[in-house]
Protein chains: 2
Amino acid sequence: MTAVYLDYNATAPIRPEAAEAAACALAIGGNPSSVHAAGRLARAAVEKAREQVAGLVGVKPGSVTFTSGGTEANALAIESAIAAGAKRPLVSMTDHVSVLATAAAAGFWTEAWPVTGDGLADLDWLEQRLKSWKAEDGAPFAALSLANNETGVIQPVAQAAALLHAAGGWLHVDAVQAVGKVAVNFADTGADTMSLSSHKLGGPQGAGALVAGTRATLSRRLHGGGQERGRRAGTENVSGIAGFGAAAEASLRDLPLAADQAAWRDAVQTRLAQDAEVEVFGAGVARLPGVLCFGCEDFDAERQVMALDLDGVMVSAGAACSSGKMAPSQVLIAMGFTPLANSAIRVSGGWASTEADWTRFADVWLAAHGRHQRRRSAA
Amino acid sequence: MTAVYLDYNATAPIRPEAAEAAACALAIGGNPSSVHAAGRLARAAVEKAREQVAGLVGVKPGSVTFTSGGTEANALAIESAIAAGAKRPLVSMTDHVSVLATAAAAGFWTEAWPVTGDGLADLDWLEQRLKSWKAEDGAPFAALSLANNETGVIQPVAQAAALLHAAGGWLHVDAVQAVGKVAVNFADTGADTMSLSSHKLGGPQGAGALVAGTRATLSRRLHGGGQERGRRAGTENVSGIAGFGAAAEASLRDLPLAADQAAWRDAVQTRLAQDAEVEVFGAGVARLPGVLCFGCEDFDAERQVMALDLDGVMVSAGAACSSGKMAPSQVLIAMGFTPLANSAIRVSGGWASTEADWTRFADVWLAAHGRHQRRRSAA
């Protein structure tokens, strides 16, 4: 029995192009800041990757600042906005914990921007909130994920950006889960800053990027050398960045294949709903193609994940961002799904997932659910 | 003609054990925070590396916090010390620019701890300074590199730690250049925190660590997930960390070979001094085995580096930490070598360097120097 991996939103398996690019870059053995031959090769690897990453979201390479990952990219954006005058960050309840925690740690009173029952950030709330904006709130700033990491729900970022910009504000878009899975054009989103992560699209872990438009001024948060045009000190992760670049290019090429993931996901969703009482989160709105997040009353998420794992099927209960954490999902609670959030699991496929993977997940889940039902009836 | 790489202090070539470990970890394709099989494999790779890195400096694995590199490790230490009450950081003039810049960026008046002409941090100055310490200076904190990145001069960290501890203070030791090249035992150094970097000892770029003793309390600077026991949020760079661990283990095994590097370096140093007017920086004190930093009046460093590079020999002019920067070295200026600092080059070998590499460097440098002398005589 082959293992089935459907936890791409935690980490996507490495793409072969990315593994090769990372290995080649590792073999260079030079520092991009060195002026000699090995240094120039390392520099070229970083700059090639910058072009590839820029190409994925349709910006010029100079707009891309490499970081150690999505968390650092979010921190760079939020801390830069605060340095530029933001005093009351608005953070959507559909945002990643790194966005919420960074804003909270900055010492300001962060405001929670609510979501609807579908998991969409509430634009009416934002519009009203900006109307009542006061000078002491500082420069308007809000963070909104392009797609939620648990439900896959795609957010109305362009509309949010328009509201922010009309108020003279800055919208930060965490696009970590969306980029490489749906087409993303930085300008079209209206984002002022946008976070990307290598390992969510088939590149190595430990590399990410912040894309910044002309309205955003970045403040460095790592001091020392002049790397990344002075925006981020520290020797570049040449291997990770090269792998990120290759994965970005491959993701762009593979975008048309995402429709298959959506079709297989939809088929599984229909089948589960026929045979069990499941609530699919965000089913009524646009979602990432390979993401299925659902709950089933009284069927504990942790129990589901373990049962599936024993049968070689890997999925997640909530966001896999916090070591050993099994707390119920904040976004599902914000969507009004308490206590169902305790039974929510996330199934997420991607570039290497097959129809057979999705079918096997459904087979194994329905079998586990059947056993659970029988145990409950017997009890 | 094979290229000769003697710029290990910028980046060491990747060790085969590290490349293999990094590639294996890349192939896992799981997130260490995931509880399923792939997640557990990724977690195991990180924890194995933590044991290997801890073993290199003789601490328990729990003392090691992985970061994205030496710069972030220095920032984590310095910002933690400031959060713990340091208000007047003392930074040695032999420290890396990331230490100086981080302390300066924290908004306090940083004090420069001078070095002697040999490049040793002045312990008498430290002793006197601590005697005049005032309550408004906050908790005493000083940073001192274990070895300077340009001269390779090994610093009296244990004595400095004793002075700091007698005053109730915290010593941060940037051991990035020293670890893996000389034996380092964390407890023996007296350090409260110690920075390490993977790529300086033959691991991948983009991974580093902060080792912390029981006297130091770390404050997280990346917020979000609960990784690294809550000390550093963000998905771990599993591949980079695995490579770092393998490089650490190999470095520990290879420590006895460092004597060869020292002998070859000394032979070159003697030969250069016989045939040219060179000033070897730190020649009178203990240095890292494979590091030779010297100046030659009126022979511009940049010109030397380019001449050597054309002949396939790669060395550095000053620290290679700042993109395209060719400013004279701050540590050499602090040692009193103005204007000789403008002609200083750094030759640094390591695990794969051979006697032939060192000999070829000397041949090529002496030839370039001869041409330079003839041009000057003709002018």
# chains A, B, ... in the order shown; residues from 1 in each chain; ligands from 1
>>> interface_residues(of="chain B", to="chain A", cutoff="6 Å", atoms="only C-alpha atoms", output="tab-separated table (two decimals) with N, CA and C atoms, in the first residue's frame")
chain	number	residue	atom	x	y	z
B	11	THR	N	32.00	31.59	3.12
B	11	THR	CA	31.16	30.38	3.07
B	11	THR	C	32.09	29.21	2.83
B	13	PRO	N	32.76	25.43	1.46
B	13	PRO	CA	32.10	24.51	0.53
B	13	PRO	C	31.29	23.48	1.30
B	14	ILE	N	30.25	22.99	0.67
B	14	ILE	CA	29.36	22.04	1.35
B	14	ILE	C	30.09	20.71	1.56
B	29	GLY	N	9.52	15.67	2.65
B	29	GLY	CA	8.33	16.38	2.21
B	29	GLY	C	7.24	16.51	3.26
B	30	GLY	N	7.60	16.50	4.52
B	30	GLY	CA	6.61	16.69	5.57
B	30	GLY	C	6.93	17.92	6.41
B	31	ASN	N	5.95	18.34	7.19
B	31	ASN	CA	6.12	19.48	8.08
B	31	ASN	C	6.32	18.94	9.50
B	33	SER	N	5.63	19.91	12.24
B	33	SER	CA	4.50	20.12	13.15
B	33	SER	C	3.33	19.17	12.86
B	34	SER	N	3.40	18.45	11.75
B	34	SER	CA	2.32	17.51	11.42
B	34	SER	C	2.50	16.23	12.23
B	36	HIS	N	1.27	13.21	11.45
B	36	HIS	CA	1.28	11.97	10.66
B	36	HIS	C	2.70	11.51	10.34
B	71	THR	N	23.19	35.75	11.61
B	71	THR	CA	22.66	37.10	11.82
B	71	THR	C	21.41	37.05	12.69
B	97	VAL	N	29.44	42.72	11.93
B	97	VAL	CA	28.58	43.86	11.66
B	97	VAL	C	27.13	43.60	12.09
B	98	SER	N	26.70	42.34	12.07
B	98	SER	CA	25.32	42.06	12.49
B	98	SER	C	25.14	42.30	13.98
B	101	ALA	N	25.29	46.28	14.30
B	101	ALA	CA	24.11	46.93	13.72
B	101	ALA	C	22.84	46.61	14.51
B	102	THR	N	22.73	45.39	15.02
B	102	THR	CA	21.54	45.03	15.80
B	102	THR	C	21.50	45.83	17.09
B	205	GLN	N	23.71	27.13	3.59
B	205	GLN	CA	23.36	28.49	4.02
B	205	GLN	C	21.90	28.50	4.44
B	206	GLY	N	21.53	29.46	5.29
B	206	GLY	CA	20.13	29.58	5.69
B	206	GLY	C	19.79	28.83	6.96
B	223	HIS	N	6.97	35.68	15.60
B	223	HIS	CA	5.75	35.29	16.31
B	223	HIS	C	4.83	34.47	15.41
B	224	GLY	N	4.11	33.53	16.01
B	224	GLY	CA	3.16	32.74	15.25
B	224	GLY	C	3.06	31.35	15.81
B	225	GLY	N	3.53	30.35	15.05
B	225	GLY	CA	3.47	28.97	15.49
B	225	GLY	C	4.37	28.72	16.69
B	226	GLY	N	4.21	27.53	17.28
B	226	GLY	CA	4.94	27.22	18.51
B	226	GLY	C	6.26	26.52	18.30
B	227	GLN	N	6.83	26.62	17.08
B	227	GLN	CA	8.08	25.91	16.80
B	227	GLN	C	9.21	26.32	17.73
B	234	GLY	N	7.65	29.77	12.83
B	234	GLY	CA	7.91	29.56	11.40
B	234	GLY	C	8.30	28.11	11.15
B	237	ASN	N	13.41	25.01	8.64
B	237	ASN	CA	14.14	24.73	7.41
B	237	ASN	C	14.72	23.32	7.55
B	309	ASP	N	41.60	36.18	-8.59
B	309	ASP	CA	40.43	35.53	-9.17
B	309	ASP	C	40.67	35.17	-10.64
B	314	MET	N	40.45	32.10	-5.15
B	314	MET	CA	39.38	32.90	-4.56
B	314	MET	C	39.65	33.20	-3.09
B	320	ALA	N	32.85	39.42	3.71
B	320	ALA	CA	31.97	39.29	2.54
B	320	ALA	C	30.53	39.27	2.98
B	321	CYS	N	30.17	40.19	3.83
B	321	CYS	CA	28.81	40.14	4.38
B	321	CYS	C	27.91	41.21	3.84
B	322	SER	N	28.43	42.05	3.00
B	322	SER	CA	27.64	43.18	2.57
B	322	SER	C	27.78	43.30	1.07
B	323	SER	N	26.65	43.14	0.40
B	323	SER	CA	26.65	43.05	-1.06
B	323	SER	C	27.43	44.18	-1.72
>>> closest_atom_pairs(of="range 267-286 of chain B", to="range 347-367 of chain B", cutoff="10 Å", atoms="only C-alpha atoms", output="CSV")
residue,atom,partner,partner_atom,distance
B:Ala267,CA,B:Thr359,CA,8.8
B:Val268,CA,B:Ala362,CA,6.2
B:Gln269,CA,B:Ala362,CA,8.7
B:Arg271,CA,B:Ala362,CA,7.7
B:Leu272,CA,B:Ala362,CA,7.0
B:Asp275,CA,B:Leu366,CA,7.7
B:Ala276,CA,B:Leu366,CA,7.8
>>> select_by_dssp(residues="range 173-326 of chain A", states="alpha helix (DSSP H)", output="NGL selection string")
:A and (186-189 or 238-254 or 258-275 or 301-310)
>>> select_by_dssp(residues="range 197-303 of chain B", states="strand (DSSP E)", output="ChimeraX atom specification")
/B:197,208-212,279-280,291-295
>>> residues_around(residues="Thr65 in chain B", least_positions_apart="2", cutoff="9 Å", atoms="only C-alpha atoms", output="list of chain:residue names")
B:Arg50, B:Pro61, B:Gly62, B:Ser63, B:Thr67, B:Ala73, B:Gly208, B:Ala209, B:Leu210, B:Val211, B:Ala212, B:Glu228, B:Arg229, B:Arg231, B:Arg232
